[in-house]
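Chemist: Sharing my_file-v2.txt below, compact mmCIF, C-alpha atoms and all ligand atoms:
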# COMPACT_ATOMS: atom_id res chain seq x y z
CA MET A 110 24.88 9.16 -6.76
CA LYS A 111 24.55 6.47 -4.04
CA ILE A 112 21.29 4.57 -4.41
CA GLY A 113 19.62 1.80 -2.45
CA PHE A 114 17.85 -0.75 -4.64
CA ILE A 115 15.44 -3.30 -3.17
CA GLY A 116 13.90 -6.11 -5.27
CA LEU A 117 16.18 -7.73 -7.82
CA GLY A 118 13.74 -9.90 -9.75
CA ILE A 119 13.30 -9.97 -13.52
CA MET A 120 12.86 -6.19 -13.72
CA GLY A 121 14.76 -4.86 -10.70
CA SER A 122 17.99 -6.74 -11.49
CA ARG A 123 18.11 -5.18 -14.98
CA MET A 124 17.12 -1.70 -13.82
CA ALA A 125 19.80 -1.76 -11.09
CA THR A 126 22.39 -2.95 -13.60
CA ASN A 127 21.63 0.07 -15.81
CA LEU A 128 22.06 2.43 -12.87
CA GLN A 129 25.36 0.77 -12.09
CA LYS A 130 26.48 1.07 -15.73
CA LYS A 131 25.74 4.80 -15.59
CA GLY A 132 28.19 5.10 -12.69
CA HIS A 133 25.79 5.14 -9.74
CA GLU A 134 27.02 3.49 -6.55
CA LEU A 135 24.54 0.83 -5.36
CA VAL A 136 23.59 -0.65 -2.03
CA VAL A 137 21.31 -3.62 -2.75
CA TYR A 138 18.90 -5.87 -0.89
CA ASN A 139 16.88 -8.83 -2.10
CA ARG A 140 14.91 -11.34 -0.02
CA SER A 141 16.69 -14.21 -1.82
CA LYS A 142 20.28 -13.25 -1.28
CA GLU A 143 21.75 -14.98 -4.35
CA LYS A 144 20.12 -12.49 -6.73
CA THR A 145 22.38 -9.74 -5.37
CA GLU A 146 25.53 -11.55 -6.52
CA PRO A 147 25.90 -10.24 -10.13
CA LEU A 148 25.61 -6.66 -8.85
CA ILE A 149 28.01 -7.29 -5.95
CA ALA A 150 30.51 -8.68 -8.47
CA GLN A 151 30.32 -5.30 -10.24
CA GLY A 152 30.95 -3.30 -7.05
CA ALA A 153 27.55 -2.97 -5.33
CA VAL A 154 27.37 -3.29 -1.54
CA ARG A 155 25.01 -5.90 -0.09
CA ALA A 156 22.78 -4.74 2.77
CA GLN A 157 21.79 -7.37 5.34
CA THR A 158 18.26 -6.00 5.78
CA PRO A 159 16.14 -3.23 4.22
CA ALA A 160 16.80 -1.14 7.36
CA ASP A 161 20.55 -1.69 7.01
CA LEU A 162 20.26 -0.44 3.40
CA ALA A 163 18.30 2.64 4.50
CA ARG A 164 21.05 3.69 6.90
CA GLN A 165 23.53 3.88 3.98
CA VAL A 166 21.61 5.92 1.37
CA LYS A 167 19.33 8.94 0.85
CA ILE A 168 17.50 7.52 -2.19
CA VAL A 169 15.77 4.13 -2.21
CA ILE A 170 14.20 2.46 -5.25
CA THR A 171 11.87 -0.51 -4.70
CA MET A 172 10.84 -2.96 -7.43
CA LEU A 173 8.76 -5.57 -5.62
CA SER A 174 6.00 -7.91 -6.69
CA LYS A 175 2.85 -6.56 -5.02
CA PRO A 176 1.47 -4.29 -2.29
CA ASP A 177 2.00 -6.80 0.58
CA ALA A 178 5.65 -7.20 -0.38
CA VAL A 179 6.14 -3.43 -0.49
CA ALA A 180 4.37 -2.87 2.84
CA GLU A 181 6.36 -5.64 4.52
CA THR A 182 9.71 -4.41 3.19
CA ALA A 183 8.99 -0.77 3.93
CA LEU A 184 7.35 -0.87 7.32
CA LEU A 185 5.57 -3.99 8.58
CA ASP A 186 8.67 -6.09 9.12
CA LYS A 187 10.85 -5.05 12.09
CA ASN A 188 13.69 -4.54 9.59
CA GLY A 189 11.60 -2.37 7.25
CA PHE A 190 13.51 0.48 5.60
CA LEU A 191 11.16 3.42 6.07
CA GLY A 192 11.93 4.04 9.74
CA SER A 193 15.68 4.00 9.12
CA LEU A 194 15.84 6.55 6.29
CA ALA A 195 17.17 10.00 7.19
CA PRO A 196 14.68 12.90 7.01
CA GLN A 197 14.29 14.34 3.48
CA SER A 198 15.37 11.05 1.86
CA LEU A 199 13.50 10.03 -1.30
CA TRP A 200 11.69 6.70 -1.81
CA ILE A 201 10.83 5.82 -5.42
CA ASP A 202 8.45 2.86 -5.64
CA CYS A 203 8.56 1.31 -9.14
CA SER A 204 6.46 -1.74 -8.15
CA THR A 205 3.05 -2.11 -9.81
CA VAL A 206 0.63 -1.45 -6.95
CA ASN A 207 -2.79 0.21 -6.73
CA PRO A 208 -3.16 4.00 -6.48
CA SER A 209 -4.77 4.01 -3.02
CA PHE A 210 -1.86 1.90 -1.73
CA SER A 211 0.61 4.41 -3.24
CA LYS A 212 -1.23 7.24 -1.47
CA LEU A 213 -1.02 5.32 1.80
CA MET A 214 2.72 4.77 1.33
CA ALA A 215 3.17 8.49 0.54
CA MET A 216 1.42 9.28 3.85
CA GLU A 217 3.49 6.75 5.81
CA ALA A 218 6.62 8.24 4.24
CA LYS A 219 5.55 11.80 5.05
CA GLN A 220 4.99 10.90 8.71
CA ARG A 221 8.66 9.93 8.78
CA LYS A 222 9.70 13.08 6.83
CA VAL A 223 10.58 10.95 3.79
CA ARG A 224 9.61 12.09 0.27
CA PHE A 225 7.79 9.61 -1.99
CA ILE A 226 7.27 9.03 -5.71
CA ASP A 227 5.23 6.25 -7.31
CA ALA A 228 6.91 5.33 -10.59
CA PRO A 229 5.70 2.05 -12.09
CA VAL A 230 7.05 1.08 -15.48
CA ALA A 231 5.77 -0.10 -18.83
CA GLY A 232 8.02 -2.42 -20.82
CA SER A 233 9.14 -5.92 -19.99
CA ARG A 234 12.41 -7.85 -19.54
CA GLY A 235 13.93 -6.67 -22.86
CA PRO A 236 13.22 -2.94 -22.42
CA ALA A 237 14.37 -3.19 -18.78
CA GLU A 238 17.67 -4.65 -19.97
CA GLN A 239 18.09 -2.08 -22.75
CA GLY A 240 17.18 0.92 -20.55
CA GLN A 241 14.07 1.51 -22.66
CA LEU A 242 11.33 1.52 -20.01
CA LEU A 243 8.52 4.08 -19.78
CA PHE A 244 7.96 5.56 -16.32
CA PHE A 245 4.49 6.65 -15.17
CA VAL A 246 5.19 8.99 -12.29
CA GLY A 247 3.19 10.45 -9.41
CA GLY A 248 4.68 12.93 -6.95
CA GLU A 249 5.88 16.47 -6.29
CA LYS A 250 7.44 18.16 -9.32
CA ALA A 251 10.72 18.96 -7.52
CA ASP A 252 11.09 15.33 -6.39
CA VAL A 253 10.38 14.05 -9.89
CA GLU A 254 13.00 16.39 -11.34
CA GLU A 255 15.53 15.16 -8.78
CA ALA A 256 14.78 11.56 -9.80
CA ARG A 257 14.74 12.26 -13.56
CA PRO A 258 18.42 11.31 -14.19
CA LEU A 259 17.73 7.94 -12.56
CA PHE A 260 14.63 7.37 -14.69
CA GLU A 261 16.68 8.33 -17.75
CA ALA A 262 19.35 5.80 -16.83
CA MET A 263 16.70 3.04 -16.79
CA GLY A 264 14.19 4.22 -19.38
CA LYS A 265 13.45 6.24 -22.48
CA ALA A 266 10.51 8.37 -21.33
CA VAL A 267 9.05 9.83 -18.14
CA PHE A 268 5.35 10.74 -17.92
CA HIS A 269 4.67 12.85 -14.84
CA MET A 270 0.95 12.21 -14.38
CA GLY A 271 0.32 14.34 -11.25
CA GLY A 272 0.48 13.88 -7.48
CA HIS A 273 0.96 10.72 -5.40
CA GLY A 274 -0.91 7.73 -6.84
CA MET A 275 -1.21 9.17 -10.33
CA GLY A 276 1.68 7.08 -11.69
CA THR A 277 0.07 3.89 -10.45
CA SER A 278 -3.31 5.16 -11.71
CA MET A 279 -1.86 5.32 -15.24
CA LYS A 280 -0.37 1.85 -14.76
CA MET A 281 -3.80 0.37 -13.91
CA VAL A 282 -5.17 1.85 -17.16
CA ASN A 283 -2.21 0.56 -19.17
CA ASN A 284 -2.36 -2.98 -17.85
CA ILE A 285 -6.06 -3.65 -18.29
CA ILE A 286 -5.49 -2.97 -22.00
CA LEU A 287 -2.39 -5.20 -22.07
CA ALA A 288 -4.13 -8.09 -20.30
CA GLN A 289 -7.17 -7.99 -22.54
CA ALA A 290 -5.22 -7.53 -25.78
CA MET A 291 -3.26 -10.70 -24.98
CA VAL A 292 -6.44 -12.68 -24.37
CA ALA A 293 -8.30 -11.27 -27.40
CA PHE A 294 -5.36 -12.10 -29.66
CA SER A 295 -4.90 -15.60 -28.20
CA GLU A 296 -8.59 -16.42 -28.60
CA ALA A 297 -8.49 -15.28 -32.24
CA ILE A 298 -5.36 -17.35 -32.96
CA VAL A 299 -6.99 -20.44 -31.45
CA LEU A 300 -10.03 -19.92 -33.70
CA GLY A 301 -7.80 -19.36 -36.74
CA GLU A 302 -5.88 -22.59 -36.09
CA SER A 303 -9.13 -24.53 -35.71
CA LEU A 304 -10.04 -23.30 -39.19
CA GLY A 305 -6.80 -24.64 -40.64
CA ILE A 306 -4.77 -21.42 -40.81
CA SER A 307 -1.18 -21.93 -39.66
CA LYS A 308 0.31 -19.94 -36.78
CA ASP A 309 2.82 -18.50 -39.22
CA GLN A 310 0.08 -17.25 -41.55
CA LEU A 311 -1.96 -15.91 -38.64
CA PHE A 312 0.95 -13.96 -37.16
CA THR A 313 2.20 -12.66 -40.51
CA THR A 314 -1.25 -11.50 -41.61
CA LEU A 315 -2.43 -10.05 -38.32
CA LEU A 316 0.81 -8.25 -37.53
CA ALA A 317 0.55 -6.52 -40.92
CA SER A 318 -2.91 -5.22 -40.02
CA PRO A 319 -3.79 -2.36 -37.63
CA VAL A 320 -6.13 -4.56 -35.56
CA VAL A 321 -3.46 -6.01 -33.27
CA ALA A 322 -1.35 -4.32 -30.60
CA PRO A 323 2.35 -3.88 -31.53
CA PHE A 324 3.57 -5.69 -28.37
CA LEU A 325 2.17 -8.94 -29.79
CA ALA A 326 5.06 -9.07 -32.28
CA PHE A 327 7.35 -9.67 -29.27
CA LYS A 328 5.19 -12.57 -28.11
CA ARG A 329 5.30 -14.33 -31.51
CA PRO A 330 8.48 -16.39 -30.84
CA MET A 331 7.09 -17.66 -27.53
CA ILE A 332 3.73 -18.67 -28.96
CA GLU A 333 5.28 -20.24 -32.07
CA ALA A 334 7.80 -22.24 -30.02
CA GLY A 335 5.29 -23.10 -27.26
CA LYS A 336 7.90 -21.94 -24.70
CA PHE A 337 6.83 -19.34 -22.20
CA ASP A 338 9.91 -18.37 -20.17
CA PRO A 339 8.76 -15.42 -18.08
CA GLU A 340 9.31 -11.88 -19.27
CA PHE A 341 6.22 -10.72 -17.39
CA PRO A 342 4.99 -13.55 -15.13
CA LEU A 343 1.34 -14.43 -15.65
CA GLN A 344 0.70 -14.36 -11.88
CA TRP A 345 1.62 -10.63 -11.82
CA MET A 346 -0.82 -9.91 -14.63
CA HIS A 347 -3.51 -11.62 -12.55
CA LYS A 348 -2.43 -9.45 -9.60
CA ASP A 349 -2.63 -6.28 -11.72
CA LEU A 350 -6.17 -7.13 -12.82
CA GLN A 351 -7.13 -7.71 -9.19
CA LEU A 352 -5.65 -4.32 -8.26
CA ALA A 353 -7.49 -2.68 -11.18
CA ALA A 354 -10.75 -4.26 -9.97
CA GLU A 355 -10.19 -2.89 -6.44
CA THR A 356 -9.35 0.52 -7.90
CA ALA A 357 -12.48 0.56 -10.08
CA TYR A 358 -14.58 -0.37 -7.03
CA GLU A 359 -13.12 2.62 -5.19
CA THR A 360 -13.97 5.01 -8.04
CA GLY A 361 -17.36 3.37 -8.78
CA VAL A 362 -16.50 2.29 -12.32
CA PRO A 363 -17.66 -1.07 -13.72
CA LEU A 364 -14.98 -3.08 -15.54
CA PRO A 365 -16.99 -5.97 -17.02
CA LEU A 366 -14.42 -7.14 -19.57
CA ALA A 367 -11.33 -6.66 -17.40
CA ASN A 368 -12.99 -8.66 -14.62
CA ALA A 369 -13.92 -11.53 -16.95
CA THR A 370 -10.32 -11.45 -18.20
CA LYS A 371 -9.08 -11.52 -14.59
CA GLU A 372 -10.92 -14.78 -13.93
CA LEU A 373 -9.34 -16.35 -16.99
CA TYR A 374 -5.88 -15.46 -15.67
CA ALA A 375 -6.97 -16.81 -12.25
CA LEU A 376 -7.82 -20.16 -13.86
CA ALA A 377 -4.46 -20.21 -15.62
CA VAL A 378 -2.68 -19.54 -12.30
CA LYS A 379 -4.67 -22.35 -10.67
CA ASN A 380 -3.58 -24.65 -13.50
CA GLY A 381 0.09 -23.99 -12.69
CA LEU A 382 0.88 -21.35 -15.34
CA GLY A 383 1.53 -18.47 -12.90
CA GLU A 384 5.29 -18.41 -13.26
CA MET A 385 5.21 -18.58 -17.06
CA ASP A 386 5.05 -15.48 -19.24
CA PHE A 387 1.55 -14.01 -19.43
CA SER A 388 1.40 -14.96 -23.12
CA ALA A 389 0.92 -18.54 -21.81
CA ILE A 390 -2.75 -17.53 -21.69
CA TYR A 391 -2.62 -18.66 -25.35
CA LYS A 392 -1.51 -22.14 -24.21
CA PHE A 393 -4.33 -22.20 -21.66
CA LEU A 394 -6.98 -21.24 -24.21
CA SER A 395 -5.53 -23.58 -26.79
CA THR A 396 -5.07 -26.71 -24.65
CA GLY A 397 -7.20 -26.05 -21.57
CA LYS A 398 -4.12 -26.48 -19.36
N1 LIG A 401 8.22 -8.40 -15.69
C1 LIG A 401 7.61 -7.42 -16.35
O1 LIG A 401 7.50 -7.44 -17.59
C2 LIG A 401 7.03 -6.22 -15.63
C3 LIG A 401 6.74 -5.09 -16.40
C4 LIG A 401 6.21 -3.97 -15.76
C5 LIG A 401 5.98 -4.00 -14.40
N2 LIG A 401 6.25 -5.13 -13.68
C6 LIG A 401 6.01 -5.09 -12.23
O2 LIG A 401 7.26 -4.98 -11.60
C7 LIG A 401 7.25 -5.64 -10.32
C8 LIG A 401 8.36 -6.68 -10.28
O3 LIG A 401 8.11 -7.62 -11.32
P1 LIG A 401 9.17 -8.74 -11.77
O4 LIG A 401 8.70 -9.23 -13.08
O5 LIG A 401 10.55 -8.22 -11.62
O6 LIG A 401 8.85 -9.85 -10.68
P2 LIG A 401 9.78 -10.97 -10.01
O7 LIG A 401 10.87 -11.38 -10.93
O8 LIG A 401 8.85 -12.00 -9.51
O9 LIG A 401 10.44 -10.18 -8.78
C9 LIG A 401 9.70 -9.84 -7.64
C10 LIG A 401 10.61 -9.24 -6.58
O10 LIG A 401 9.83 -9.02 -5.39
C11 LIG A 401 10.47 -9.67 -4.29
N3 LIG A 401 9.47 -10.08 -3.30
C12 LIG A 401 8.29 -10.72 -3.51
N4 LIG A 401 7.65 -10.90 -2.34
C13 LIG A 401 8.43 -10.37 -1.38
C14 LIG A 401 8.29 -10.21 0.03
N5 LIG A 401 7.20 -10.67 0.68
N6 LIG A 401 9.29 -9.61 0.70
C15 LIG A 401 10.38 -9.15 0.06
N7 LIG A 401 10.57 -9.25 -1.27
C16 LIG A 401 9.60 -9.84 -1.97
C17 LIG A 401 11.18 -10.85 -4.91
O11 LIG A 401 12.16 -11.36 -4.04
P3 LIG A 401 12.70 -12.89 -4.23
O12 LIG A 401 13.75 -12.77 -5.29
O13 LIG A 401 13.22 -13.25 -2.90
O14 LIG A 401 11.51 -13.71 -4.65
C18 LIG A 401 11.77 -10.18 -6.17
O15 LIG A 401 12.88 -9.39 -5.83
C19 LIG A 401 5.84 -6.22 -10.19
O16 LIG A 401 5.05 -5.31 -9.48
C20 LIG A 401 5.36 -6.33 -11.64
O17 LIG A 401 3.95 -6.30 -11.73
C21 LIG A 401 6.79 -6.23 -14.27
Please express the file's structure as structure tokens.

Modeler:
Amino acid sequence: MKIGFIGLGIMGSRMATNLQKKGHELVVYNRSKEKTEPLIAQGAVRAQTPADLARQVKIVITMLSKPDAVAETALLDKNGFLGSLAPQSLWIDCSTVNPSFSKLMAMEAKQRKVRFIDAPVAGSRGPAEQGQLLFFVGGEKADVEEARPLFEAMGKAVFHMGGHGMGTSMKMVNNIILAQAMVAFSEAIVLGESLGISKDQLFTTLLASPVVAPFLAFKRPMIEAGKFDPEFPLQWMHKDLQLAAETAYETGVPLPLANATKELYALAVKNGLGEMDFSAIYKFLSTGK
């Protein structure tokens, strides 16, 4: 199948590579052109603009940082892709955005006779590379079934949650747990160290107990080495908490702990940790910078 892929950051580059490995023909676009090069070397075609990409394909996948980036790339910029897609084309947005934004994009797509699926992912750099992502999907059943082989090329499970915006709804739920689990664990480790327990003992003991989330095992090497190369950039976790707060406002639900957690990530971003992995929240709690 010929697929347009827009957004070749940490996640998108690996997801596109898996599609390419499964034999799909790719047309790619990334704001910073150099990130297209590894895919071009393997046979992908580089589009000059998102609109140029849209004229060459009937399926577009986007994996962009945040709602503004998606809106700009799809329709606000004069070279946005949405207006150049043929009727009945399918747009699959894998970016983590808020549900009301997904519903708005579905409407904008519909006005141009384009079908839309929101399909954010769970799983970080490693699962993206290994084709082990989870997809939380919102959209029409027939569209989801059409996209299923693509999800299966990039991931290990597809959860069809309902109509437009329900994939990103599930993602909001998922990420407020992830953000808070990272902070709760980091705070506990900092206390443990202050009591004279080594990091090694803390990790070994806690990871053997049911009180900690399994993903924390993957963060152990980073925290032990004090090196936080980004798998999931901290600034995007802050963004996700902001989007969850906006979503909760819309549905009238208080999120006292998630909002306190959000402000902690905001302080870490302000202190220059935004481009590090979100586990650098441990460093922030431990050193105050
Ligand atoms: N990393 C993870 O573990 C993970 C896991 C699940 C979900 N996510 C979500 O997946 C999405 C991508 O994350 P990532 O980690 O791959 O981030 P990333 O490495 O920072 O990549 C972001 C992508 O968005 C593009 N972009 C940003 N602003 C743009 C704009 N105004 N116009 C056009 N393109 C723009 C970037 O282009 P440039 O290359 O030009 O900057 C890049 O291609 C985010 O929504 C994130 O929350 C990430």

Chemist: At a cut-off of 9 Å, using all atoms listed in the file, what residues contact Val137 in chain A? Leave out same-chain residues fewer than 4 positions from it and give the result as a VMD selection string.

Modeler: chain A and resid 112 to 117 125 145 148 to 149 153 to 157 159 162

Chemist: Residues up to 6 Å from ligand LIG 401 (chain A), counting all atoms listed in the file: could you list those as a CSV table (one decimal) with C-alpha atoms, keeping the file's coordinate frame?

Modeler:
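Once written, part_38.csv looks like this:
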chain,number,residue,atom,x,y,z
A,116,GLY,CA,13.9,-6.1,-5.3
A,117,LEU,CA,16.2,-7.7,-7.8
A,118,GLY,CA,13.7,-9.9,-9.8
A,119,ILE,CA,13.3,-10.0,-13.5
A,120,MET,CA,12.9,-6.2,-13.7
A,121,GLY,CA,14.8,-4.9,-10.7
A,139,ASN,CA,16.9,-8.8,-2.1
A,140,ARG,CA,14.9,-11.3,0.0
A,141,SER,CA,16.7,-14.2,-1.8
A,172,MET,CA,10.8,-3.0,-7.4
A,173,LEU,CA,8.8,-5.6,-5.6
A,174,SER,CA,6.0,-7.9,-6.7
A,175,LYS,CA,2.8,-6.6,-5.0
A,178,ALA,CA,5.6,-7.2,-0.4
A,182,THR,CA,9.7,-4.4,3.2
A,204,SER,CA,6.5,-1.7,-8.2
A,205,THR,CA,3.0,-2.1,-9.8
A,230,VAL,CA,7.0,1.1,-15.5
A,231,ALA,CA,5.8,-0.1,-18.8
A,232,GLY,CA,8.0,-2.4,-20.8
A,233,SER,CA,9.1,-5.9,-20.0
A,234,ARG,CA,12.4,-7.8,-19.5
A,340,GLU,CA,9.3,-11.9,-19.3
A,341,PHE,CA,6.2,-10.7,-17.4
A,345,TRP,CA,1.6,-10.6,-11.8

Chemist: Quick one: of A:Pro176, A:Pro365, A:Pro342, A:Gly301, who's nearest to Gly381 in chain A, counting all atoms listed in the file?

Modeler: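 Looking only at the distances to Gly381 in chain A, the closest residue turns out to be A:Pro342.
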
Chemist: Show me, as AutoDock Vina command-line options, the centre and edge lengths in Å to one decimal of the axis-aligned box that covers every listed atom of range 181-191 of chain A with 8 Å on each side.

Modeler:
--center_x 9.6 --center_y -1.3 --center_z 7.6 --size_x 24.1 --size_y 25.5 --size_z 24.9

Chemist: With only C-alpha atoms as the counted atoms, please give the residues lying no more than 8 Å from Gly276 in chain A, apart from itself and same-chain residues fewer than 2 positions off, as an NGL selection string.

Modeler: :A and (208 or 227-229 or 244-247 or 269-271 or 273-274 or 278-280)

Chemist: Which range 196-218 of chain A residues have any atom within 10 Å of an atom of range 250-258 of chain A, and for each, what is the nearest pair of atoms with distance in Å to one decimal, counting only C-alpha atoms, rows sorted by chain and number, as a tab-separated table?

Modeler:
residue	atom	partner	partner_atom	distance
A:Leu199	CA	A:Asp252	CA	7.7
A:Trp200	CA	A:Asp252	CA	9.8
A:Ile201	CA	A:Ala256	CA	8.2

Chemist: Env of Phe190 in chain A: 9 Å cut, atoms = only C-alpha atoms, seq-sep filter 5 positions within chain, self excluded. Answer as a PDB file with C-alpha atoms, in the coordinates of the input.

Modeler:
ATOM      1  CA  THR A 158      18.260  -6.000   5.780  1.00  0.00           C
ATOM      2  CA  PRO A 159      16.140  -3.230   4.220  1.00  0.00           C
ATOM      3  CA  ALA A 160      16.800  -1.140   7.360  1.00  0.00           C
ATOM      4  CA  ASP A 161      20.550  -1.690   7.010  1.00  0.00           C
ATOM      5  CA  LEU A 162      20.260  -0.440   3.400  1.00  0.00           C
ATOM      6  CA  ALA A 163      18.300   2.640   4.500  1.00  0.00           C
ATOM      7  CA  ARG A 164      21.050   3.690   6.900  1.00  0.00           C
ATOM      8  CA  VAL A 169      15.770   4.130  -2.210  1.00  0.00           C
ATOM      9  CA  THR A 182       9.710  -4.410   3.190  1.00  0.00           C
ATOM     10  CA  ALA A 183       8.990  -0.770   3.930  1.00  0.00           C
ATOM     11  CA  LEU A 184       7.350  -0.870   7.320  1.00  0.00           C
TER      12      LEU A 184
END

Chemist: Pick out the residues sitting within 6 Å of range 385-390 of chain A, and hand them over as a list of chain:residue names; count all atoms listed in the file, and ignore anything fewer than 2 positions along from it in its own chain.

Modeler: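 The contact residues come out as A:Phe337, A:Asp338, A:Pro339, A:Glu340, A:Phe341, A:Pro342, A:Leu343, A:Leu382, A:Gly383, A:Lys392, A:Phe393.
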